[in-house]
>>> print(open('input.cif').read())   # mmCIF, C-alpha atoms
data_entry
#
loop_
_atom_site.label_atom_id
_atom_site.label_comp_id
_atom_site.auth_asym_id
_atom_site.auth_seq_id
_atom_site.Cartn_x
_atom_site.Cartn_y
_atom_site.Cartn_z
CA MET A 76 101.68 91.47 76.85
CA ARG A 77 98.24 92.93 77.50
CA TRP A 78 96.80 91.24 74.40
CA ASN A 79 98.31 87.89 75.37
CA LEU A 80 97.07 88.21 78.95
CA ALA A 81 93.55 89.19 77.85
CA TYR A 82 93.40 86.30 75.37
CA ARG A 83 94.69 83.61 77.75
CA THR A 84 92.52 84.77 80.63
CA LEU A 85 89.40 84.81 78.45
CA PHE A 86 89.90 81.42 76.80
CA HIS A 87 91.11 79.64 79.92
CA ASP A 88 87.56 79.19 81.25
CA ARG A 89 85.63 78.23 78.12
CA GLY A 90 82.40 77.60 79.99
CA LYS A 91 82.13 81.24 81.01
CA LEU A 92 83.30 82.32 77.55
CA ILE A 93 80.47 80.35 75.93
CA ALA A 94 77.98 81.96 78.33
CA GLY A 95 79.17 85.40 77.23
CA LEU A 96 79.02 84.44 73.55
CA VAL A 97 75.47 83.15 73.98
CA GLY A 98 74.44 86.56 75.31
CA VAL A 99 75.96 88.38 72.35
CA ILE A 100 74.57 85.90 69.80
CA PHE A 101 71.12 86.10 71.35
CA SER A 102 71.16 89.90 71.16
CA VAL A 103 72.38 89.93 67.54
CA VAL A 104 69.77 87.44 66.35
CA LEU A 105 66.92 89.03 68.31
CA VAL A 106 67.66 92.59 67.19
CA ASN A 107 68.05 91.64 63.52
CA ILE A 108 65.06 89.31 63.33
CA GLN A 109 62.83 91.69 65.31
CA GLY A 110 63.98 94.59 63.16
CA GLY A 111 63.53 92.55 59.97
CA LEU A 112 59.99 91.55 60.95
CA PHE A 113 59.20 95.17 61.74
CA VAL A 114 60.56 96.45 58.41
CA GLY A 115 58.78 93.65 56.52
CA LEU A 116 55.48 94.39 58.26
CA ILE A 117 55.56 98.16 58.01
CA SER A 118 56.61 98.04 54.34
CA LYS A 119 53.17 96.56 53.57
CA ALA A 120 51.70 99.95 54.46
CA SER A 121 53.26 101.38 51.30
CA MET A 122 53.20 98.33 49.03
CA LEU A 123 50.74 99.83 46.54
CA VAL A 124 52.97 102.88 46.25
CA ASP A 125 56.29 101.04 46.09
CA ARG A 126 55.09 98.76 43.29
CA SER A 127 53.02 101.30 41.36
CA HIS A 128 55.66 102.09 38.67
CA ALA A 129 54.71 105.75 39.19
CA ASP A 130 57.04 108.66 39.91
CA ILE A 131 54.39 110.97 41.41
CA TRP A 132 51.16 110.39 43.34
CA ILE A 133 48.46 113.08 43.22
CA GLY A 134 45.51 113.02 45.60
CA HIS A 135 43.37 115.12 47.88
CA ARG A 136 44.94 117.79 50.06
CA GLY A 137 46.21 116.18 53.27
CA MET A 138 46.37 112.60 51.93
CA HIS A 139 48.03 110.47 54.59
CA ASN A 140 47.58 106.79 53.72
CA VAL A 141 47.31 105.01 50.38
CA ASP A 142 44.42 102.79 51.52
CA PHE A 143 42.27 105.70 52.75
CA ALA A 144 41.74 107.73 49.63
CA HIS A 145 39.44 110.73 49.21
CA SER A 146 38.16 111.24 45.67
CA ILE A 147 39.24 114.06 43.37
CA PRO A 148 37.86 115.10 39.95
CA GLU A 149 39.25 112.83 37.24
CA ARG A 150 39.27 115.73 34.76
CA TRP A 151 42.25 117.17 36.65
CA ARG A 152 44.23 114.48 34.84
CA HIS A 153 44.33 116.74 31.76
CA VAL A 154 45.67 119.63 33.84
CA VAL A 155 48.46 117.44 35.17
CA GLU A 156 49.30 116.24 31.66
CA GLY A 157 49.98 119.86 30.73
CA VAL A 158 52.68 120.28 33.40
CA GLN A 159 56.16 120.39 31.94
CA GLY A 160 58.11 117.18 32.55
CA ILE A 161 55.08 114.86 32.74
CA ASP A 162 55.16 111.88 30.37
CA ASN A 163 52.01 109.96 31.31
CA VAL A 164 49.10 110.30 33.77
CA GLN A 165 46.61 107.58 34.70
CA PRO A 166 43.81 107.42 37.31
CA LEU A 167 43.66 104.82 40.08
CA ARG A 168 40.69 103.76 42.20
CA VAL A 169 41.04 102.42 45.75
CA GLU A 170 37.76 101.57 47.50
CA PHE A 171 36.67 99.42 50.42
CA SER A 172 34.05 96.75 49.80
CA GLU A 173 33.28 93.13 50.67
CA ILE A 174 33.42 89.85 48.77
CA SER A 175 31.11 86.90 49.19
CA LEU A 176 32.52 83.61 50.50
CA PRO A 177 31.32 80.03 50.06
CA GLY A 178 28.86 79.21 52.80
CA GLY A 179 27.25 82.63 52.88
CA GLY A 180 29.97 84.63 54.66
CA TYR A 181 31.68 87.87 53.61
CA GLU A 182 35.20 89.28 53.81
CA ASN A 183 36.13 92.95 53.76
CA ILE A 184 38.49 93.86 50.92
CA VAL A 185 40.28 96.79 49.30
CA LEU A 186 39.25 96.93 45.65
CA VAL A 187 41.90 98.46 43.40
CA GLY A 188 41.00 99.54 39.87
CA VAL A 189 43.89 99.90 37.40
CA PRO A 190 43.72 101.06 33.76
CA GLU A 191 44.24 98.44 31.03
CA THR A 192 46.56 100.51 28.83
CA THR A 193 49.46 101.05 31.25
CA ASN A 194 51.41 99.45 34.07
CA LEU A 195 50.88 102.49 36.31
CA GLY A 196 49.27 101.24 39.51
CA ARG A 197 49.79 97.55 38.68
CA ALA A 198 51.33 96.46 41.96
CA TYR A 199 50.82 92.77 41.18
CA GLU A 200 52.51 90.15 39.04
CA ILE A 201 50.31 87.30 37.87
CA VAL A 202 51.65 83.89 38.92
CA GLU A 203 48.51 81.92 38.06
CA GLY A 204 46.32 82.74 35.08
CA PRO A 205 46.89 84.49 31.73
CA PRO A 206 48.93 87.74 31.52
CA ASP A 207 45.87 89.58 30.15
CA ALA A 208 43.60 88.26 32.90
CA LEU A 209 41.85 91.58 33.58
CA GLN A 210 40.67 91.81 29.98
CA GLN A 211 38.33 88.90 30.67
CA GLN A 212 34.75 89.77 31.48
CA ASN A 213 34.14 90.51 35.19
CA GLY A 214 37.69 89.41 35.97
CA VAL A 215 39.45 90.06 39.28
CA ILE A 216 42.91 89.11 40.59
CA VAL A 217 43.39 87.85 44.13
CA ASP A 218 46.58 87.04 46.05
CA ILE A 219 47.68 83.53 46.94
CA CYS A 220 48.62 84.67 50.45
CA ASP A 221 44.97 85.62 51.08
CA ASP A 222 43.63 82.15 50.19
CA GLN A 223 42.73 81.41 53.80
CA LYS A 224 40.77 84.64 54.20
CA LEU A 225 38.99 84.19 50.88
CA VAL A 226 38.39 80.44 51.40
CA SER A 227 40.78 79.16 48.72
CA PRO A 228 39.40 80.72 45.53
CA GLU A 229 40.37 78.90 42.33
CA ILE A 230 40.79 80.27 38.82
CA GLY A 231 37.32 80.50 37.28
CA ASP A 232 35.44 80.68 40.60
CA LEU A 233 32.50 83.08 40.75
CA ARG A 234 32.12 85.46 43.69
CA GLU A 235 30.20 88.66 44.41
CA ILE A 236 31.65 92.05 45.32
CA ASN A 237 29.14 94.62 46.50
CA GLY A 238 26.40 92.37 45.12
CA ARG A 239 27.97 92.26 41.62
CA ARG A 240 29.20 88.97 40.18
CA VAL A 241 32.92 88.68 39.48
CA ARG A 242 35.18 85.87 38.30
CA VAL A 243 38.63 85.01 39.66
CA VAL A 244 40.83 85.09 36.55
CA GLY A 245 44.33 85.37 38.05
CA LYS A 246 46.43 85.20 41.18
CA SER A 247 49.36 87.25 42.40
CA ASN A 248 51.80 86.40 45.17
CA GLY A 249 52.90 88.65 48.04
CA VAL A 250 50.76 91.76 47.48
CA LEU A 251 49.44 92.13 51.01
CA SER A 252 47.79 95.00 52.81
CA PHE A 253 49.00 96.30 56.16
CA LEU A 254 45.37 95.94 57.22
CA VAL A 255 43.69 92.55 57.45
CA THR A 256 41.68 93.38 54.32
CA PRO A 257 43.00 91.66 51.16
CA TYR A 258 43.78 93.63 48.00
CA ILE A 259 41.72 92.60 44.98
CA PHE A 260 42.67 94.07 41.59
CA THR A 261 40.37 94.62 38.67
CA ASP A 262 39.94 96.87 35.65
CA TYR A 263 39.48 100.58 36.38
CA ASP A 264 36.10 100.87 34.64
CA ARG A 265 34.90 97.67 36.26
CA VAL A 266 35.23 99.29 39.69
CA LEU A 267 32.66 101.88 38.56
CA GLU A 268 30.23 99.10 37.66
CA ILE A 269 30.81 97.14 40.88
CA MET A 270 30.76 100.05 43.31
CA GLY A 271 28.39 102.39 41.48
CA SER A 272 30.91 105.19 41.99
CA ASP A 273 30.79 108.66 40.49
CA PRO A 274 32.50 108.27 37.07
CA THR A 275 33.72 111.88 37.19
CA ARG A 276 35.88 111.27 40.24
CA THR A 277 38.88 109.08 41.03
CA SER A 278 41.01 108.18 44.06
CA TYR A 279 44.43 109.15 42.73
CA LEU A 280 46.23 110.35 39.66
CA LEU A 281 49.50 108.52 39.01
CA ALA A 282 52.12 110.27 36.90
CA ARG A 283 55.29 109.12 35.20
CA ALA A 284 57.85 111.85 34.59
CA GLU A 285 60.16 112.26 31.63
CA PRO A 286 63.68 110.90 32.14
CA GLY A 287 65.87 113.30 34.10
CA ALA A 288 62.97 115.52 35.19
CA ASP A 289 63.05 117.20 38.62
CA LEU A 290 60.23 115.42 40.48
CA HIS A 291 60.01 117.91 43.33
CA ARG A 292 59.75 120.82 40.88
CA ILE A 293 56.97 118.98 39.04
CA CYS A 294 55.11 118.38 42.32
CA ASP A 295 55.34 122.09 43.16
CA GLN A 296 53.97 123.01 39.72
CA ILE A 297 51.06 120.58 40.06
CA GLU A 298 50.10 122.04 43.43
CA ALA A 299 50.41 125.54 41.99
CA VAL A 300 47.90 124.88 39.19
CA LEU A 301 45.67 122.64 41.37
CA PRO A 302 45.63 124.14 44.90
CA ASP A 303 43.19 121.50 46.21
CA VAL A 304 45.51 118.55 45.59
CA GLU A 305 48.73 117.32 47.10
CA ALA A 306 51.46 115.90 44.88
CA MET A 307 54.23 113.71 46.27
CA THR A 308 56.97 111.57 44.84
CA SER A 309 56.43 107.85 45.32
CA GLU A 310 59.17 107.75 47.95
CA GLU A 311 57.55 110.60 49.88
CA TYR A 312 54.07 109.09 49.79
CA ALA A 313 55.43 105.70 50.83
CA SER A 314 57.02 107.35 53.89
CA VAL A 315 53.79 109.23 54.66
CA SER A 316 51.77 105.99 54.52
CA ILE A 317 54.24 104.23 56.82
CA ASN A 318 54.35 107.13 59.29
CA PHE A 319 50.55 107.09 59.44
CA TRP A 320 50.61 103.63 61.03
CA MET A 321 53.74 104.30 63.05
CA THR A 322 52.12 107.29 64.77
CA ARG A 323 48.57 105.94 65.01
CA THR A 324 49.46 102.57 66.55
CA GLY A 325 51.84 101.22 69.18
CA LEU A 326 53.64 99.08 66.63
CA GLY A 327 56.98 100.84 66.92
CA VAL A 328 56.84 100.87 70.72
CA SER A 329 56.09 97.13 70.99
CA PHE A 330 58.85 96.08 68.59
CA GLY A 331 61.26 98.56 70.16
CA ALA A 332 60.56 97.26 73.68
CA ALA A 333 61.26 93.66 72.64
CA THR A 334 64.48 94.72 70.90
CA LEU A 335 65.61 96.72 73.93
CA LEU A 336 64.96 93.69 76.13
CA GLY A 337 67.26 91.62 73.92
CA LEU A 338 70.01 94.22 74.19
CA LEU A 339 69.67 94.33 77.98
CA VAL A 340 69.87 90.53 78.20
CA GLY A 341 73.05 90.56 76.13
CA LEU A 342 74.53 93.35 78.24
CA VAL A 343 73.82 91.52 81.49
CA MET A 344 75.17 88.18 80.23
CA VAL A 345 78.40 89.67 78.88
CA GLY A 346 78.93 91.80 81.98
CA GLN A 347 78.20 88.87 84.28
CA THR A 348 80.59 86.61 82.36
CA LEU A 349 83.47 89.10 82.57
CA TYR A 350 82.67 89.81 86.22
CA ALA A 351 82.74 86.10 87.08
CA MET A 352 86.08 85.71 85.32
CA VAL A 353 87.53 88.55 87.37
CA LEU A 354 86.25 87.11 90.66
CA ASP A 355 87.90 83.77 89.85
CA ARG A 356 91.25 85.51 89.39
CA VAL A 357 91.23 88.20 92.05
CA SER A 358 94.62 87.10 93.35
CA GLU A 359 96.12 87.17 89.86
CA TYR A 360 94.87 90.70 89.21
CA ALA A 361 96.12 91.68 92.66
CA THR A 362 99.57 90.40 91.76
CA LEU A 363 99.52 92.46 88.58
CA ARG A 364 98.48 95.52 90.57
CA ALA A 365 101.25 94.85 93.08
CA ILE A 366 103.96 94.71 90.39
CA GLY A 367 102.81 98.02 88.96
CA LEU A 368 99.91 97.39 86.56
CA SER A 369 98.09 100.71 86.23
CA GLU A 370 94.33 101.15 86.21
CA ARG A 371 94.52 102.22 82.59
CA GLU A 372 96.33 99.01 81.61
CA LEU A 373 93.86 96.98 83.64
CA LEU A 374 90.94 98.62 81.87
CA SER A 375 92.54 97.96 78.47
CA ILE A 376 92.75 94.22 79.29
CA LEU A 377 89.05 94.10 80.16
CA ILE A 378 88.15 96.10 77.02
CA LEU A 379 90.17 93.68 74.86
CA GLN A 380 88.29 90.75 76.39
CA SER A 381 84.94 92.43 75.74
CA ALA A 382 85.97 93.22 72.18
CA LEU A 383 86.91 89.58 71.58
CA VAL A 384 83.61 88.31 72.97
CA ALA A 385 81.71 90.89 70.92
CA THR A 386 83.53 90.20 67.65
CA ILE A 387 83.17 86.41 67.83
CA GLY A 388 79.54 86.61 69.04
CA ILE A 389 78.52 89.13 66.40
CA ALA A 390 80.07 87.04 63.60
CA ILE A 391 78.27 83.87 64.74
CA GLY A 392 75.03 85.80 65.33
CA MET A 393 75.08 87.27 61.82
CA VAL A 394 75.47 83.81 60.27
CA ILE A 395 72.57 82.45 62.34
CA THR A 396 70.47 85.50 61.41
CA VAL A 397 70.99 84.94 57.67
CA ILE A 398 70.09 81.27 58.04
CA LEU A 399 66.91 82.03 60.03
CA LYS A 400 65.90 84.74 57.56
CA THR A 401 66.26 82.31 54.65
CA LEU A 402 64.28 79.59 56.42
CA LEU A 403 61.52 81.64 58.08
CA SER A 404 60.79 84.59 55.79
CA THR A 405 57.51 84.30 53.85
CA PRO A 406 55.35 86.81 51.96
CA ARG A 407 52.89 86.74 54.84
CA ALA A 408 55.58 87.25 57.53
CA THR A 409 58.42 88.89 55.65
CA ILE A 410 61.79 89.26 57.35
CA GLU A 411 63.38 92.17 55.50
CA ILE A 412 66.74 93.14 57.00
CA PRO A 413 68.36 96.18 55.34
CA SER A 414 72.16 96.30 55.23
CA MET A 415 72.10 99.33 57.53
CA LEU A 416 70.30 97.24 60.16
CA TYR A 417 73.08 94.64 60.05
CA VAL A 418 75.73 97.33 60.41
CA GLY A 419 73.85 99.32 63.05
CA CYS A 420 73.14 96.19 65.10
CA ALA A 421 76.79 95.11 65.01
CA VAL A 422 78.07 98.55 66.02
CA LEU A 423 75.48 98.94 68.77
CA ILE A 424 76.10 95.53 70.33
CA PHE A 425 79.88 95.99 70.07
CA CYS A 426 79.58 99.26 71.97
CA ILE A 427 77.33 97.64 74.57
CA CYS A 428 79.91 94.90 75.12
CA LEU A 429 82.61 97.52 75.64
CA PHE A 430 80.32 99.26 78.10
CA ALA A 431 79.82 95.92 79.88
CA SER A 432 83.55 95.75 80.59
CA GLY A 433 83.04 98.57 83.08
CA LEU A 434 81.24 96.22 85.49
CA PRO A 435 84.26 94.02 86.30
CA TYR A 436 86.57 97.04 86.11
CA LEU A 437 84.71 98.69 88.99
CA ARG A 438 85.33 95.54 91.03
CA VAL A 439 89.00 95.13 90.12
CA ARG A 440 90.00 98.73 90.67
CA ARG A 441 88.92 98.40 94.32
CA ILE A 442 91.29 95.47 94.94
CA ASP A 443 93.86 96.11 97.65
CA PRO A 444 96.91 94.15 96.38
CA HIS A 445 98.31 93.51 99.88
CA THR A 446 94.98 92.29 101.29
CA ALA A 447 94.22 90.08 98.28
CA LEU A 448 97.69 88.46 98.29
CA GLN A 449 97.52 87.72 102.04
CA SER A 450 94.09 85.99 101.77
#
>>> encode(input="input.cif", output="structure tokens")
Amino acid sequence: MRWNLAYRTLFHDRGKLIAGLVGVIFSVVLVNIQGGLFVGLISKASMLVDRSHADIWIGHRGMHNVDFAHSIPERWRHVVEGVQGIDNVQPLRVEFSEISLPGGGYENIVLVGVPETTNLGRAYEIVEGPPDALQQQNGVIVDICDDQKLVSPEIGDLREINGRRVRVVGKSNGVLSFLVTPYIFTDYDRVLEIMGSDPTRTSYLLARAEPGADLHRICDQIEAVLPDVEAMTSEEYASVSINFWMTRTGLGVSFGAATLLGLLVGLVMVGQTLYAMVLDRVSEYATLRAIGLSERELLSILILQSALVATIGIAIGMVITVILKTLLSTPRATIEIPSMLYVGCAVLIFCICLFASGLPYLRVRRIDPHTALQS
């Protein structure tokens, strides 16, 4: 009886039902898209780490962000190679510089030097140009997504980095920095020539462990033999790089405030819809109270109505979210929605809708059956 009454009462006035569904759908879409944009943006802070093909990152003590490296002696590579469980160790250079643009301008960049003999540190995949592009003389690889910043460089174009001539020999797609500075990849030794850096020092040591090795134990051993370095697994250093920007900027607060606003809008719209439905049927609820409907049964009817609105709205909202993600997500503005975000959003909004049922309940429970039936 309660289920039938809740269903008929809810679907009798479809205009108000649609208004409630719009609130739920709006909240679902906003929370997922906002969350997906946030995850897609913040993941760029660790892109070099996530795509490095390395198990362990070794750098200066207190390293906190992959883009802001402090040099360490490159000879420590041989010490790391002697740690049990290490299969391969390669150096990586990350340095800030600037590249010349047509017309006399300059653009700040992050120059990344990777060794030729391994894929450690190769965060890019070439989509334009030969696979062995970096073996060409003075070759550099730029990203297609940075074409606007770099004034549309073409394969074979000559530019200058730090006053040294380089040639664009390849292009990647989607390797973007969290900063506005583009990543430009080149050969490890070529960075020394371009930047005039100390050849005895490097930014990081990247290590690949043997299959089945305990990465945390290896990190502890590296720090034991080299007290001035910090060794982290790739997952740990990715989290450290992300937390650096989360704690140093208001990014999380701004996205969180917009998401909270969406939840509040959904809460108000669902609560207002249910409240309006109750006001339209005060006499009917009064009759039910007069024939013995308890407050508990009354509350269960309102909860069932909220659950129906939430379930239908969440289902429609999820479909719209997937469609918008497919249409709008780009490497430059990635919408990356983890499965846990879908689940968490659905559970949260469902609970909010149930909470919203308390608004009309507070009104109904104050109805005096005799007064309402006489009016």
>>> closest_residue(input="input.cif", among="A:Leu195, A:Leu373, A:Ala431, A:Met270", to="Glu173 (chain A)", atoms="all atoms listed in the file")
A:Met270
>>> resolve_selection(input="input.cif", expression="the PyMOL selection byres ((chain A and resi 255) around 12)", output="list in words")
Leu116, Lys119, Ala120, Asp142, Glu182, Asn183, Ile184, Val185, Cys220, Asp221, Gln223, Lys224, Leu225, Leu251, Ser252, Phe253, Leu254, Thr256, Pro257, Tyr258 and Arg407 of chain A
>>> resolve_selection(input="input.cif", expression="the PyMOL selection byres ((chain A and resi 247) around 7)", output="list of chain:residue names")
A:Tyr199, A:Glu200, A:Ile201, A:Val202, A:Glu203, A:Ile216, A:Val217, A:Asp218, A:Ile219, A:Gly245, A:Lys246, A:Asn248, A:Gly249, A:Val250
>>> closest_residue(input="input.cif", among="A:Ser369, A:Ser309, A:Asn194, A:Ser172", to="Val266 (chain A)", atoms="all atoms listed in the file")
A:Ser172
>>> closest_residue(input="input.cif", among="A:Gly160, A:Ile236, A:Phe330, A:Arg265", to="Leu209 (chain A)", atoms="all atoms listed in the file")
A:Arg265
>>> closest_residue(input="input.cif", among="A:Ser381, A:Gln165, A:Gln212, A:Ser118", to="Gln347 (chain A)", atoms="all atoms listed in the file")
A:Ser381
>>> atom_distance(input="input.cif", atom1="CA of Ile412 (chain A)", atom2="CA of Gly392 (chain A)")
13.9 Å
>>> residues_around(input="input.cif", residues="Gln210 (chain A)", least_positions_apart="3", cutoff="10 Å", atoms="only C-alpha atoms", output="ChimeraX atom specification")
/A:191,205-207,213-215,244,261-262
>>> closest_residue(input="input.cif", among="A:Leu336, A:Ile259, A:Ala385, A:Leu167", to="Ala144 (chain A)", atoms="all atoms listed in the file")
A:Leu167
>>> residues_around(input="input.cif", residues="Val106 (chain A)", least_positions_apart="3", cutoff="12 Å", atoms="only C-alpha atoms", output="PyMOL selection string")
chain A and resi 99-103+109-114+330-341+389+392-393+396+410+412+416-421+423-424
>>> atom_distance(input="input.cif", atom1="CA of Val155 (chain A)", atom2="CA of Pro274 (chain A)")
18.5 Å
>>> atom_distance(input="input.cif", atom1="CA of Ile269 (chain A)", atom2="CA of Glu170 (chain A)")
10.6 Å
>>> closest_residue(input="input.cif", among="A:Tyr181, A:Phe319, A:Tyr312, A:Trp132", to="Ser278 (chain A)", atoms="all atoms listed in the file")
A:Trp132
>>> axis_aligned_box(input="input.cif", around="region 216-225 of chain A", padding_each_side="8 Å", output="JSON")
{"center_x": 43.8, "center_y": 85.3, "center_z": 47.4, "size_x": 25.6, "size_y": 23.7, "size_z": 29.6}
>>> residues_around(input="input.cif", residues="Glu235 (chain A)", least_positions_apart="4", cutoff="9 Å", atoms="only C-alpha atoms", output="VMD selection string")
chain A and resid 173 to 176 239 to 242
>>> build_atoms(input="input.cif", residues="region 219-242 of chain A", atoms="N, CA and C atoms", output="short mmCIF file (atom, residue, chain, number, x, y, z; two decimals), in the frame of the given file")
data_model
loop_
_atom_site.label_atom_id
_atom_site.label_comp_id
_atom_site.auth_asym_id
_atom_site.auth_seq_id
_atom_site.Cartn_x
_atom_site.Cartn_y
_atom_site.Cartn_z
N ILE A 219 47.58 84.88 46.38
CA ILE A 219 47.68 83.53 46.94
C ILE A 219 47.77 83.57 48.47
N CYS A 220 48.43 84.58 49.00
CA CYS A 220 48.62 84.67 50.45
C CYS A 220 47.31 84.93 51.20
N ASP A 221 46.28 85.36 50.46
CA ASP A 221 44.97 85.62 51.08
C ASP A 221 44.00 84.47 50.88
N ASP A 222 44.51 83.30 50.45
CA ASP A 222 43.63 82.15 50.19
C ASP A 222 42.82 81.77 51.42
N GLN A 223 43.45 81.81 52.59
CA GLN A 223 42.73 81.41 53.80
C GLN A 223 41.58 82.37 54.10
N LYS A 224 41.82 83.67 53.94
CA LYS A 224 40.77 84.64 54.20
C LYS A 224 39.64 84.53 53.19
N LEU A 225 39.99 84.23 51.95
CA LEU A 225 38.99 84.19 50.88
C LEU A 225 38.49 82.78 50.61
N VAL A 226 38.83 81.83 51.49
CA VAL A 226 38.39 80.44 51.40
C VAL A 226 38.84 79.81 50.07
N SER A 227 40.12 79.87 49.82
CA SER A 227 40.78 79.16 48.72
C SER A 227 40.08 79.33 47.37
N PRO A 228 40.00 80.55 46.85
CA PRO A 228 39.40 80.72 45.53
C PRO A 228 40.27 80.10 44.43
N GLU A 229 39.66 79.49 43.46
CA GLU A 229 40.37 78.90 42.33
C GLU A 229 40.09 79.72 41.07
N ILE A 230 40.98 79.58 40.09
CA ILE A 230 40.79 80.27 38.82
C ILE A 230 39.46 79.82 38.20
N GLY A 231 38.63 80.79 37.85
CA GLY A 231 37.32 80.50 37.28
C GLY A 231 36.18 80.55 38.28
N ASP A 232 36.50 80.61 39.59
CA ASP A 232 35.44 80.68 40.60
C ASP A 232 34.66 81.99 40.47
N LEU A 233 33.36 81.90 40.76
CA LEU A 233 32.50 83.08 40.75
C LEU A 233 32.28 83.55 42.19
N ARG A 234 32.40 84.85 42.40
CA ARG A 234 32.12 85.46 43.69
C ARG A 234 31.30 86.72 43.44
N GLU A 235 30.90 87.38 44.51
CA GLU A 235 30.20 88.66 44.41
C GLU A 235 30.94 89.72 45.22
N ILE A 236 31.10 90.89 44.62
CA ILE A 236 31.65 92.05 45.32
C ILE A 236 30.61 93.15 45.26
N ASN A 237 30.19 93.60 46.43
CA ASN A 237 29.14 94.62 46.50
C ASN A 237 27.88 94.20 45.74
N GLY A 238 27.59 92.89 45.78
CA GLY A 238 26.40 92.37 45.12
C GLY A 238 26.54 92.16 43.62
N ARG A 239 27.73 92.44 43.06
CA ARG A 239 27.97 92.26 41.62
C ARG A 239 28.84 91.02 41.41
N ARG A 240 28.47 90.21 40.42
CA ARG A 240 29.20 88.97 40.18
C ARG A 240 30.54 89.25 39.53
N VAL A 241 31.58 88.58 40.05
CA VAL A 241 32.92 88.68 39.48
C VAL A 241 33.50 87.27 39.35
N ARG A 242 34.53 87.16 38.52
CA ARG A 242 35.18 85.87 38.30
C ARG A 242 36.68 85.99 38.61
#
